[in-house]
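For reference, protein14.csv is printed below; it contains CSV, C-alpha atoms.
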chain,number,residue,atom,x,y,z
R,1,MET,CA,-54.5,-31.1,123.7
R,2,MET,CA,-54.2,-33.0,120.4
R,3,ILE,CA,-51.4,-32.1,118.1
R,4,THR,CA,-51.8,-31.2,114.4
R,5,SER,CA,-48.6,-31.6,112.4
R,6,VAL,CA,-47.9,-31.2,108.7
R,7,VAL,CA,-45.1,-32.0,106.3
R,8,GLU,CA,-45.4,-28.8,104.3
R,9,SER,CA,-46.1,-25.6,106.1
R,10,TRP,CA,-48.8,-24.2,103.7
R,11,ILE,CA,-51.1,-27.0,104.6
R,12,GLU,CA,-51.1,-26.3,108.3
R,13,GLU,CA,-53.5,-23.4,108.6
R,14,PRO,CA,-56.4,-24.8,106.6
R,15,VAL,CA,-56.1,-28.2,108.3
R,16,ARG,CA,-55.9,-26.6,111.8
R,17,ARG,CA,-58.9,-24.4,111.1
R,18,PHE,CA,-60.9,-27.5,109.9
R,19,VAL,CA,-60.0,-29.4,113.1
R,20,ASP,CA,-60.8,-26.4,115.4
R,21,GLU,CA,-64.1,-25.6,113.8
R,22,THR,CA,-65.4,-29.2,113.5
R,23,GLY,CA,-64.0,-30.8,116.7
R,24,VAL,CA,-63.1,-34.0,114.9
R,25,GLU,CA,-61.0,-36.6,116.7
R,26,LEU,CA,-58.7,-37.6,113.8
R,27,ALA,CA,-57.7,-36.0,110.5
R,28,LEU,CA,-55.4,-37.0,107.8
R,29,LEU,CA,-54.4,-35.4,104.5
R,30,LEU,CA,-52.5,-37.7,102.2
R,31,HIS,CA,-51.4,-38.1,98.6
R,32,PRO,CA,-53.4,-40.7,96.6
R,33,SER,CA,-50.3,-42.9,96.7
R,34,GLY,CA,-50.7,-43.1,100.5
R,35,GLN,CA,-48.0,-40.6,101.4
R,36,VAL,CA,-49.0,-38.6,104.5
R,37,LEU,CA,-49.0,-34.8,104.4
R,38,ALA,CA,-50.7,-33.8,107.6
R,39,GLN,CA,-52.2,-35.4,110.6
R,40,HIS,CA,-54.2,-34.5,113.7
R,41,GLY,CA,-54.9,-36.7,116.7
R,42,PHE,CA,-52.8,-39.7,116.0
R,43,ALA,CA,-50.3,-40.7,118.7
R,44,ARG,CA,-48.3,-43.3,116.8
R,45,ALA,CA,-46.6,-43.2,113.4
R,46,VAL,CA,-47.7,-46.8,112.7
R,47,ASP,CA,-51.4,-45.8,113.1
R,48,VAL,CA,-50.9,-43.0,110.5
R,49,MET,CA,-49.2,-45.4,108.2
R,50,THR,CA,-52.0,-47.9,108.5
R,51,ALA,CA,-54.7,-45.2,108.1
R,52,CYS,CA,-53.0,-43.8,105.0
R,53,ALA,CA,-52.7,-47.2,103.3
R,54,LEU,CA,-56.4,-48.0,104.1
R,55,ALA,CA,-57.6,-44.5,103.0
R,56,ALA,CA,-55.7,-44.7,99.7
R,57,GLY,CA,-57.1,-48.1,99.1
R,58,ILE,CA,-60.7,-47.1,99.9
R,59,HIS,CA,-60.3,-44.0,97.7
R,60,ALA,CA,-59.0,-46.0,94.8
R,61,THR,CA,-61.7,-48.7,95.2
R,62,SER,CA,-64.6,-46.3,95.4
R,63,GLY,CA,-63.2,-44.3,92.5
R,64,GLU,CA,-63.2,-47.4,90.3
R,65,LEU,CA,-66.6,-48.4,91.6
R,66,GLY,CA,-67.9,-45.0,90.7
R,67,ARG,CA,-66.5,-45.2,87.2
R,68,LEU,CA,-68.1,-48.6,86.8
R,69,VAL,CA,-71.6,-47.6,87.9
R,70,ASP,CA,-71.7,-43.8,87.1
R,71,ASP,CA,-68.9,-43.3,84.6
R,72,LYS,CA,-67.1,-41.0,87.0
R,73,PRO,CA,-65.3,-41.7,90.3
R,74,PHE,CA,-67.1,-41.2,93.6
R,75,ARG,CA,-65.5,-38.3,95.4
R,76,GLY,CA,-66.7,-38.7,98.9
R,77,LEU,CA,-67.6,-41.4,101.4
R,78,HIS,CA,-69.3,-41.2,104.7
R,79,HIS,CA,-69.7,-44.2,107.1
R,80,ALA,CA,-71.6,-43.8,110.3
R,81,GLY,CA,-70.8,-46.2,113.1
R,82,MET,CA,-72.5,-46.4,116.5
R,83,THR,CA,-70.2,-43.9,118.2
R,84,ARG,CA,-67.8,-42.7,115.5
R,85,GLN,CA,-68.1,-41.8,111.9
R,86,ILE,CA,-65.6,-41.4,109.1
R,87,PHE,CA,-65.6,-39.1,106.1
R,88,LEU,CA,-63.2,-39.6,103.3
R,89,ALA,CA,-63.1,-37.3,100.2
R,90,GLU,CA,-60.9,-36.0,97.5
R,91,ALA,CA,-59.5,-32.6,98.2
R,92,ARG,CA,-58.4,-30.9,95.0
R,93,SER,CA,-55.7,-28.2,95.2
R,94,PRO,CA,-53.5,-26.3,92.8
R,95,ARG,CA,-50.8,-28.8,93.8
R,96,GLY,CA,-52.9,-31.8,92.7
R,97,ALA,CA,-55.5,-34.0,94.2
R,98,TYR,CA,-55.2,-35.2,97.8
R,99,ILE,CA,-57.2,-37.5,100.0
R,100,PHE,CA,-58.7,-36.2,103.2
R,101,LEU,CA,-59.8,-38.6,105.9
R,102,THR,CA,-61.4,-37.6,109.2
R,103,VAL,CA,-62.9,-39.5,112.1
R,104,PHE,CA,-65.4,-37.8,114.4
R,105,GLY,CA,-67.7,-38.6,117.3
R,106,GLN,CA,-70.8,-37.1,118.8
R,107,GLU,CA,-69.2,-33.8,119.3
R,108,SER,CA,-69.4,-33.1,115.6
R,109,SER,CA,-71.7,-34.0,112.7
R,110,ILE,CA,-71.5,-34.9,109.1
R,111,GLY,CA,-73.2,-31.6,108.2
R,112,LEU,CA,-70.4,-29.6,110.0
R,113,VAL,CA,-67.7,-31.9,108.5
R,114,ARG,CA,-68.9,-31.4,105.0
R,115,LEU,CA,-69.3,-27.7,105.5
R,116,TYR,CA,-65.8,-27.2,106.8
R,117,PHE,CA,-64.4,-29.7,104.3
R,118,ASP,CA,-65.5,-27.3,101.5
R,119,GLU,CA,-63.7,-24.5,103.4
R,120,LEU,CA,-60.6,-26.7,103.8
R,121,VAL,CA,-60.5,-27.2,100.0
R,122,ALA,CA,-60.9,-23.5,99.5
R,123,GLY,CA,-58.2,-22.8,102.1
R,124,LEU,CA,-55.8,-25.2,100.4
R,125,ALA,CA,-56.4,-23.5,97.1
R,126,VAL,CA,-55.5,-20.1,98.6
R,127,ALA,CA,-52.6,-21.3,100.7
R,128,ALA,CA,-50.9,-23.4,98.0
R,129,PRO,CA,-47.6,-21.9,96.8
R,130,PRO,CA,-48.0,-20.4,93.4
R,131,GLU,CA,-45.0,-22.0,92.0
R,132,GLY,CA,-42.9,-25.0,92.9
R,133,PRO,CA,-42.1,-28.4,91.6
R,134,ALA,CA,-45.0,-30.6,90.7
R,135,PRO,CA,-45.4,-33.5,93.1
R,136,ALA,CA,-43.1,-36.3,92.0
R,137,PRO,CA,-44.8,-39.6,91.1
R,138,ALA,CA,-44.6,-42.0,93.9
R,139,LEU,CA,-42.2,-44.6,92.8
R,140,ALA,CA,-42.2,-47.9,94.6
R,141,GLU,CA,-38.4,-47.7,95.2
R,142,HIS,CA,-38.8,-44.4,97.0
R,143,PHE,CA,-42.1,-44.9,98.6
R,144,GLU,CA,-40.9,-46.3,101.9
R,145,ARG,CA,-38.1,-43.8,102.2
R,146,ASP,CA,-40.5,-40.9,101.5
R,147,LEU,CA,-43.1,-42.3,103.9
R,148,ASN,CA,-40.6,-42.7,106.7
R,149,ARG,CA,-39.3,-39.1,106.1
R,150,ASN,CA,-42.9,-37.7,106.3
R,151,LEU,CA,-43.7,-39.7,109.4
R,152,ALA,CA,-40.4,-38.5,111.0
R,153,VAL,CA,-41.4,-34.9,110.2
R,154,LEU,CA,-44.9,-35.3,111.7
R,155,PHE,CA,-43.8,-37.0,114.8
R,156,GLY,CA,-40.8,-34.7,115.4
R,157,ARG,CA,-38.0,-37.2,114.7
R,158,ALA,CA,-36.7,-35.5,111.6
Z,1,MET,CA,-93.0,-33.0,96.1
Z,2,ASN,CA,-94.7,-32.7,99.5
Z,3,SER,CA,-93.1,-34.1,102.7
Z,4,PRO,CA,-94.7,-34.4,106.2
Z,5,PHE,CA,-93.0,-31.1,107.0
Z,6,THR,CA,-94.2,-29.1,104.0
Z,7,SER,CA,-97.3,-27.6,105.7
Z,8,MET,CA,-95.5,-26.5,108.9
Z,9,LEU,CA,-92.6,-25.0,106.9
Z,10,GLN,CA,-95.0,-23.1,104.7
Z,11,THR,CA,-96.9,-21.7,107.7
Z,12,LEU,CA,-93.6,-20.5,109.3
Z,13,SER,CA,-92.3,-19.0,106.1
Z,14,ARG,CA,-95.5,-16.9,105.8
Z,15,GLN,CA,-94.6,-15.0,108.9
Z,16,ARG,CA,-93.3,-11.5,108.2
Z,17,GLY,CA,-89.5,-11.3,108.1
Z,18,VAL,CA,-88.9,-15.1,108.0
Z,19,THR,CA,-86.2,-15.9,105.4
Z,20,ALA,CA,-85.7,-19.6,106.0
Z,21,ALA,CA,-87.5,-22.4,107.7
Z,22,LEU,CA,-85.8,-25.8,107.9
Z,23,VAL,CA,-86.2,-29.2,109.4
Z,24,VAL,CA,-82.8,-30.5,110.3
Z,25,SER,CA,-81.4,-33.8,111.7
Z,26,GLU,CA,-79.8,-32.8,115.1
Z,27,ARG,CA,-77.3,-35.6,115.0
Z,28,ASP,CA,-76.2,-35.2,111.3
Z,29,GLY,CA,-76.8,-31.5,110.8
Z,30,ILE,CA,-78.3,-32.2,107.4
Z,31,VAL,CA,-81.4,-30.6,105.9
Z,32,ILE,CA,-84.4,-32.9,105.8
Z,33,ASP,CA,-86.8,-30.3,104.3
Z,34,SER,CA,-86.7,-26.6,103.9
Z,35,ASN,CA,-88.3,-23.5,102.6
Z,36,LEU,CA,-85.7,-20.9,101.8
Z,37,HIS,CA,-85.7,-17.5,100.3
Z,38,ILE,CA,-83.2,-16.9,97.5
Z,39,GLY,CA,-79.7,-16.3,98.8
Z,40,GLN,CA,-80.1,-18.4,102.0
Z,41,LYS,CA,-77.5,-21.1,102.4
Z,42,GLY,CA,-79.6,-24.0,103.7
Z,43,ASP,CA,-76.8,-26.5,104.2
Z,44,ARG,CA,-74.7,-24.1,106.1
Z,45,VAL,CA,-77.4,-22.8,108.3
Z,46,ALA,CA,-78.6,-26.4,109.0
Z,47,ALA,CA,-75.1,-27.7,110.0
Z,48,LEU,CA,-74.4,-24.8,112.3
Z,49,ALA,CA,-77.9,-24.4,113.8
Z,50,ALA,CA,-78.1,-28.1,114.6
Z,51,SER,CA,-74.7,-28.0,116.3
Z,52,LEU,CA,-75.8,-25.0,118.3
Z,53,TYR,CA,-79.1,-26.5,119.3
Z,54,ARG,CA,-77.4,-29.7,120.3
Z,55,LYS,CA,-74.9,-27.9,122.5
Z,56,ALA,CA,-77.6,-25.8,124.0
Z,57,ARG,CA,-79.6,-28.9,124.8
Z,58,LEU,CA,-76.6,-30.6,126.4
Z,59,SER,CA,-75.7,-27.5,128.4
Z,60,ALA,CA,-79.2,-27.2,129.7
Z,61,GLN,CA,-79.2,-30.8,130.7
Z,62,ALA,CA,-75.7,-30.4,132.4
Z,63,ALA,CA,-77.0,-27.4,134.3
Z,64,GLY,CA,-80.0,-29.4,135.5
Z,65,MET,CA,-82.4,-27.1,133.6
Z,66,GLY,CA,-84.2,-29.9,131.8
Z,67,ALA,CA,-85.1,-30.0,128.1
Z,68,VAL,CA,-84.7,-27.0,125.9
Z,69,SER,CA,-88.1,-25.8,124.8
Z,70,PHE,CA,-87.1,-22.8,122.6
Z,71,MET,CA,-83.8,-21.4,121.5
Z,72,GLN,CA,-83.3,-17.9,120.2
Z,73,LEU,CA,-80.1,-16.3,118.8
Z,74,GLU,CA,-80.0,-12.5,118.2
Z,75,ALA,CA,-77.5,-11.0,115.9
Z,76,PRO,CA,-77.2,-7.5,114.3
Z,77,ASN,CA,-78.8,-8.6,111.1
Z,78,GLY,CA,-81.3,-11.1,112.1
Z,79,ARG,CA,-82.7,-13.8,114.5
Z,80,LEU,CA,-82.4,-17.5,114.5
Z,81,CYS,CA,-85.0,-19.6,116.5
Z,82,ALA,CA,-85.1,-23.3,117.0
Z,83,VAL,CA,-87.2,-26.0,118.7
Z,84,GLY,CA,-86.5,-29.7,118.8
Z,85,ALA,CA,-88.3,-33.0,119.1
Z,86,GLY,CA,-86.4,-36.3,119.2
Z,87,GLU,CA,-83.8,-36.3,116.4
Z,88,LEU,CA,-85.4,-33.3,114.6
Z,89,VAL,CA,-84.8,-29.6,114.9
Z,90,LEU,CA,-87.1,-27.0,113.4
Z,91,VAL,CA,-85.1,-23.9,112.6
Z,92,VAL,CA,-86.3,-20.5,111.6
Z,93,VAL,CA,-84.1,-17.7,110.3
Z,94,GLY,CA,-85.5,-14.1,110.2
Z,95,SER,CA,-84.5,-10.6,109.4
Z,96,PRO,CA,-84.4,-8.0,112.2
Z,97,VAL,CA,-88.1,-7.1,111.5
Z,98,VAL,CA,-89.3,-10.6,112.3
Z,99,ASN,CA,-91.9,-10.9,115.1
Z,100,VAL,CA,-90.2,-13.3,117.4
Z,101,GLY,CA,-93.3,-13.7,119.5
Z,102,LEU,CA,-95.4,-14.9,116.6
Z,103,VAL,CA,-92.6,-17.2,115.4
Z,104,ARG,CA,-92.2,-18.7,118.9
Z,105,VAL,CA,-95.9,-19.4,119.1
Z,106,GLU,CA,-95.9,-21.0,115.7
Z,107,LEU,CA,-92.7,-23.0,116.5
Z,108,LEU,CA,-94.2,-24.3,119.7
Z,109,ARG,CA,-97.3,-25.3,117.9
Z,110,SER,CA,-95.3,-27.0,115.2
Z,111,VAL,CA,-93.1,-28.9,117.6
Z,112,VAL,CA,-96.1,-31.1,118.7
Z,113,GLU,CA,-96.5,-32.2,115.1
Z,114,LEU,CA,-92.7,-32.6,114.7
Z,115,ALA,CA,-92.6,-34.9,117.8
Z,116,ALA,CA,-95.4,-37.0,116.3
Z,117,ILE,CA,-93.5,-37.4,113.1
Z,118,ALA,CA,-90.3,-38.1,114.9
Z,119,GLU,CA,-91.9,-40.8,116.9
Z,120,GLY,CA,-93.8,-42.2,113.8
Z,121,ARG,CA,-97.2,-41.3,115.3
Z,122,PRO,CA,-100.0,-39.7,113.1
Z,123,ALA,CA,-99.6,-36.0,113.4
Can I see the file as structure tokens?
Amino acid sequence: MMITSVVESWIEEPVRRFVDETGVELALLLHPSGQVLAQHGFARAVDVMTACALAAGIHATSGELGRLVDDKPFRGLHHAGMTRQIFLAEARSPRGAYIFLTVFGQESSIGLVRLYFDELVAGLAVAAPPEGPAPAPALAEHFERDLNRNLAVLFGRA
Amino acid sequence: MNSPFTSMLQTLSRQRGVTAALVVSERDGIVIDSNLHIGQKGDRVAALAASLYRKARLSAQAAGMGAVSFMQLEAPNGRLCAVGAGELVLVVVGSPVVNVGLVRVELLRSVVELAAIAEGRPA
């Protein structure tokens, strides 16, 4: 059984529900800076770190590309490979915008993933704590420390 | 705008009690063409029905039963019927008053045309 782990507890239920309903292989919720908030299916912290960096980069690039060609950022991306597909989209919540990345195989479909992604976003909106400090800007000097702390929480080393 | 599926979807939608008729990609769970009554959530039905059909097809194969010819789901407030050909699934959603027998006949008639379209042959 794959393990779903989260940095903040309010994120757990919506992410777990998404994973259960869609049968995806991998899922990641991260801050646009690349800081991981939740993961499912990854066995190694280094893979999470790599996936977060790539997802943040793709999101930033596609956002700028969207602004260039359509005056507004692209919010979602789907890439279908031979056996696996990825879906990457912005998940807005009362705590700010996050990036959601998921990888799925033939057990799932883009239709199901999109359907339950909408429910994930709605679930995050409901579950988000009403109050609390706004997410701090990701400063370069704190980035690695925060990333390591989040990875330690996700992989049970905190 | 007409698609190759317009005529079969219109024929199915004319059946009493039918509230939605959709052609869906089995692999992607995305609507290719549809004829929906107001209030029907086409994307939602398509994603879930395609997933259901795919699992039924794989289960039938695993049990050595061969290909699925017709799938029917009964629920307190309606019926869902589906047939498939190649990558395409034809889904019909009906209220409890729908005549499943007539819908089945029409679906099995349409699946021949659906197979031709899926294989790129003239229907």
Need the shell around region 31-46 of chain Z: protein/DNA/RNA residues with any atom at most 10 Å away, counting all atoms listed in the file. Skip same-chain ones fewer than 5 positions apart. Format as a short mmCIF file (atom, residue, chain, number, x, y, z; two decimals) with C-alpha atoms, in the frame of the given file?
data_model
loop_
_atom_site.label_atom_id
_atom_site.label_comp_id
_atom_site.auth_asym_id
_atom_site.auth_seq_id
_atom_site.Cartn_x
_atom_site.Cartn_y
_atom_site.Cartn_z
CA GLY R 111 -73.20 -31.60 108.20
CA LEU R 112 -70.40 -29.60 110.00
CA ARG R 114 -68.90 -31.40 105.00
CA LEU R 115 -69.30 -27.70 105.50
CA TYR R 116 -65.80 -27.20 106.80
CA ASN Z 2 -94.70 -32.70 99.50
CA SER Z 3 -93.10 -34.10 102.70
CA PRO Z 4 -94.70 -34.40 106.20
CA PHE Z 5 -93.00 -31.10 107.00
CA THR Z 6 -94.20 -29.10 104.00
CA LEU Z 9 -92.60 -25.00 106.90
CA GLN Z 10 -95.00 -23.10 104.70
CA LEU Z 12 -93.60 -20.50 109.30
CA SER Z 13 -92.30 -19.00 106.10
CA VAL Z 18 -88.90 -15.10 108.00
CA THR Z 19 -86.20 -15.90 105.40
CA ALA Z 20 -85.70 -19.60 106.00
CA ALA Z 21 -87.50 -22.40 107.70
CA LEU Z 22 -85.80 -25.80 107.90
CA VAL Z 23 -86.20 -29.20 109.40
CA VAL Z 24 -82.80 -30.50 110.30
CA SER Z 25 -81.40 -33.80 111.70
CA GLU Z 26 -79.80 -32.80 115.10
CA SER Z 51 -74.70 -28.00 116.30
CA LEU Z 52 -75.80 -25.00 118.30
CA LEU Z 80 -82.40 -17.50 114.50
CA LEU Z 88 -85.40 -33.30 114.60
CA VAL Z 89 -84.80 -29.60 114.90
CA LEU Z 90 -87.10 -27.00 113.40
CA VAL Z 91 -85.10 -23.90 112.60
CA VAL Z 92 -86.30 -20.50 111.60
CA VAL Z 93 -84.10 -17.70 110.30
#
Hey, list the chain Z side of the contact with chain R: 7 Å cut-off, all atoms listed in the file, answer as a PyMOL selection string. chain Z and resi 27-30+44+47-48
Quick one: residues within 10 Å of Gly57 (chain R), all atoms listed in the file counted, chain neighbours fewer than 6 positions away excluded, as JSON, numbers by chain? {"R": [32, 33, 34, 51, 63]}
Output C-alpha atoms for every residue in the selection just made, as an mmCIF file, keeping the file's coordinate frame.
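Generated file (part_6.cif):
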data_model
loop_
_atom_site.group_PDB
_atom_site.id
_atom_site.type_symbol
_atom_site.label_atom_id
_atom_site.label_comp_id
_atom_site.auth_asym_id
_atom_site.auth_seq_id
_atom_site.Cartn_x
_atom_site.Cartn_y
_atom_site.Cartn_z
ATOM 1 C CA PRO R 32 -53.400 -40.700 96.600
ATOM 2 C CA SER R 33 -50.300 -42.900 96.700
ATOM 3 C CA GLY R 34 -50.700 -43.100 100.500
ATOM 4 C CA ALA R 51 -54.700 -45.200 108.100
ATOM 5 C CA GLY R 63 -63.200 -44.300 92.500
#
Take CA of Ala50 (chain Z) and CA of Leu28 (chain R) and report the distance between them in Å, one decimal.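 Atom-to-atom, CA of Ala50 (chain Z) to CA of Leu28 (chain R), that is 25.3 Å.
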Contacts of Thr102 (chain R) at 10 Å (only C-alpha atoms; same-chain gap of 3+ positions) as a list in words: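 Within the cut-off, the hits are Val19, Val24, Glu25, Leu26, Ala27, Leu28, Leu29, Gln39, His40, Gly41, His78, Gln85, Ile86, Phe87, Leu88, Ala89, Val113 and Phe117 of chain R.
Across the structure, CA of Arg75 (chain R) and CA of Ala53 (chain R) are spaced 17.5 Å apart.
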Find the spatial neighbours of Arg149 (chain R), counting only C-alpha atoms, within a cut-off of 12 Å - ignore same-chain residues fewer than 4 positions away - and output them as number ranges by chain. R: 6-7, 35-37, 45, 49, 142-145, 153-158
Nearby residues (all atoms listed in the file) at most 10 Å from Cys81 (chain Z), same-chain spacing under 6 positions excluded, as number ranges by chain: Z: 21, 49, 53, 70-74, 90-94, 100, 103-104, 107
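Considering the residues R:Arg84, R:Arg67, R:His79, R:His31 and counting all atoms listed in the file, Asn150 (chain R) has its shortest atom-to-atom contact with R:His31.
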Closest to Leu101 (chain R) among R:Val15, R:Asp70, R:Arg44, R:Ala122, using only C-alpha atoms?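 Nearest to Leu101 (chain R): R:Val15.
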Please output region 68-97 of chain Z, rebuilt to include N, CA and C atoms, as a CSV table (one decimal), in the frame of the given file.
chain,number,residue,atom,x,y,z
Z,68,VAL,N,-84.5,-28.3,126.5
Z,68,VAL,CA,-84.7,-27.0,125.9
Z,68,VAL,C,-86.0,-26.9,125.2
Z,69,SER,N,-86.8,-25.9,125.5
Z,69,SER,CA,-88.1,-25.8,124.8
Z,69,SER,C,-88.0,-24.9,123.6
Z,70,PHE,N,-87.2,-23.8,123.7
Z,70,PHE,CA,-87.1,-22.8,122.6
Z,70,PHE,C,-85.7,-22.2,122.7
Z,71,MET,N,-85.1,-22.1,121.6
Z,71,MET,CA,-83.8,-21.4,121.5
Z,71,MET,C,-83.8,-20.2,120.6
Z,72,GLN,N,-83.3,-19.1,121.0
Z,72,GLN,CA,-83.3,-17.9,120.2
Z,72,GLN,C,-81.9,-17.3,120.2
Z,73,LEU,N,-81.4,-16.9,119.0
Z,73,LEU,CA,-80.1,-16.3,118.8
Z,73,LEU,C,-80.4,-14.9,118.2
Z,74,GLU,N,-79.9,-13.9,118.8
Z,74,GLU,CA,-80.0,-12.5,118.2
Z,74,GLU,C,-78.7,-12.1,117.7
Z,75,ALA,N,-78.7,-11.5,116.5
Z,75,ALA,CA,-77.5,-11.0,115.9
Z,75,ALA,C,-77.9,-9.7,115.2
Z,76,PRO,N,-76.9,-8.9,114.9
Z,76,PRO,CA,-77.2,-7.5,114.3
Z,76,PRO,C,-78.1,-7.6,113.1
Z,77,ASN,N,-78.0,-8.6,112.3
Z,77,ASN,CA,-78.8,-8.6,111.1
Z,77,ASN,C,-79.9,-9.7,111.0
Z,78,GLY,N,-80.2,-10.2,112.2
Z,78,GLY,CA,-81.3,-11.1,112.1
Z,78,GLY,C,-81.5,-12.0,113.4
Z,79,ARG,N,-82.4,-12.9,113.3
Z,79,ARG,CA,-82.7,-13.8,114.5
Z,79,ARG,C,-82.7,-15.2,114.0
Z,80,LEU,N,-82.3,-16.1,114.8
Z,80,LEU,CA,-82.4,-17.5,114.5
Z,80,LEU,C,-83.2,-18.2,115.7
Z,81,CYS,N,-84.2,-18.9,115.4
Z,81,CYS,CA,-85.0,-19.6,116.5
Z,81,CYS,C,-85.0,-21.1,116.2
Z,82,ALA,N,-85.1,-21.9,117.2
Z,82,ALA,CA,-85.1,-23.3,117.0
Z,82,ALA,C,-85.9,-24.0,118.1
Z,83,VAL,N,-86.6,-25.1,117.7
Z,83,VAL,CA,-87.2,-26.0,118.7
Z,83,VAL,C,-86.8,-27.4,118.2
Z,84,GLY,N,-86.8,-28.3,119.2
Z,84,GLY,CA,-86.5,-29.7,118.8
Z,84,GLY,C,-87.4,-30.7,119.3
Z,85,ALA,N,-87.5,-31.9,118.6
Z,85,ALA,CA,-88.3,-33.0,119.1
Z,85,ALA,C,-87.6,-34.2,118.6
Z,86,GLY,N,-87.2,-35.1,119.5
Z,86,GLY,CA,-86.4,-36.3,119.2
Z,86,GLY,C,-85.2,-35.9,118.4
Z,87,GLU,N,-85.0,-36.5,117.2
Z,87,GLU,CA,-83.8,-36.3,116.4
Z,87,GLU,C,-84.0,-35.0,115.5
Z,88,LEU,N,-85.1,-34.4,115.6
Z,88,LEU,CA,-85.4,-33.3,114.6
Z,88,LEU,C,-85.3,-32.0,115.2
Z,89,VAL,N,-84.8,-31.0,114.5
Z,89,VAL,CA,-84.8,-29.6,114.9
Z,89,VAL,C,-85.5,-28.8,113.9
Z,90,LEU,N,-86.4,-27.9,114.3
Z,90,LEU,CA,-87.1,-27.0,113.4
Z,90,LEU,C,-86.4,-25.6,113.6
Z,91,VAL,N,-85.8,-25.1,112.5
Z,91,VAL,CA,-85.1,-23.9,112.6
Z,91,VAL,C,-85.7,-22.8,111.8
Z,92,VAL,N,-85.8,-21.6,112.3
Z,92,VAL,CA,-86.3,-20.5,111.6
Z,92,VAL,C,-85.3,-19.3,111.6
Z,93,VAL,N,-85.0,-18.8,110.4
Z,93,VAL,CA,-84.1,-17.7,110.3
Z,93,VAL,C,-84.9,-16.5,109.9
Z,94,GLY,N,-84.7,-15.3,110.6
Z,94,GLY,CA,-85.5,-14.1,110.2
Z,94,GLY,C,-84.7,-12.9,110.2
Z,95,SER,N,-85.2,-11.9,109.5
Z,95,SER,CA,-84.5,-10.6,109.4
Z,95,SER,C,-84.8,-9.9,110.7
Z,96,PRO,N,-84.2,-8.7,111.0
Z,96,PRO,CA,-84.4,-8.0,112.2
Z,96,PRO,C,-85.9,-7.6,112.5
Z,97,VAL,N,-86.7,-7.6,111.4
Z,97,VAL,CA,-88.1,-7.1,111.5
Z,97,VAL,C,-89.0,-8.3,111.9
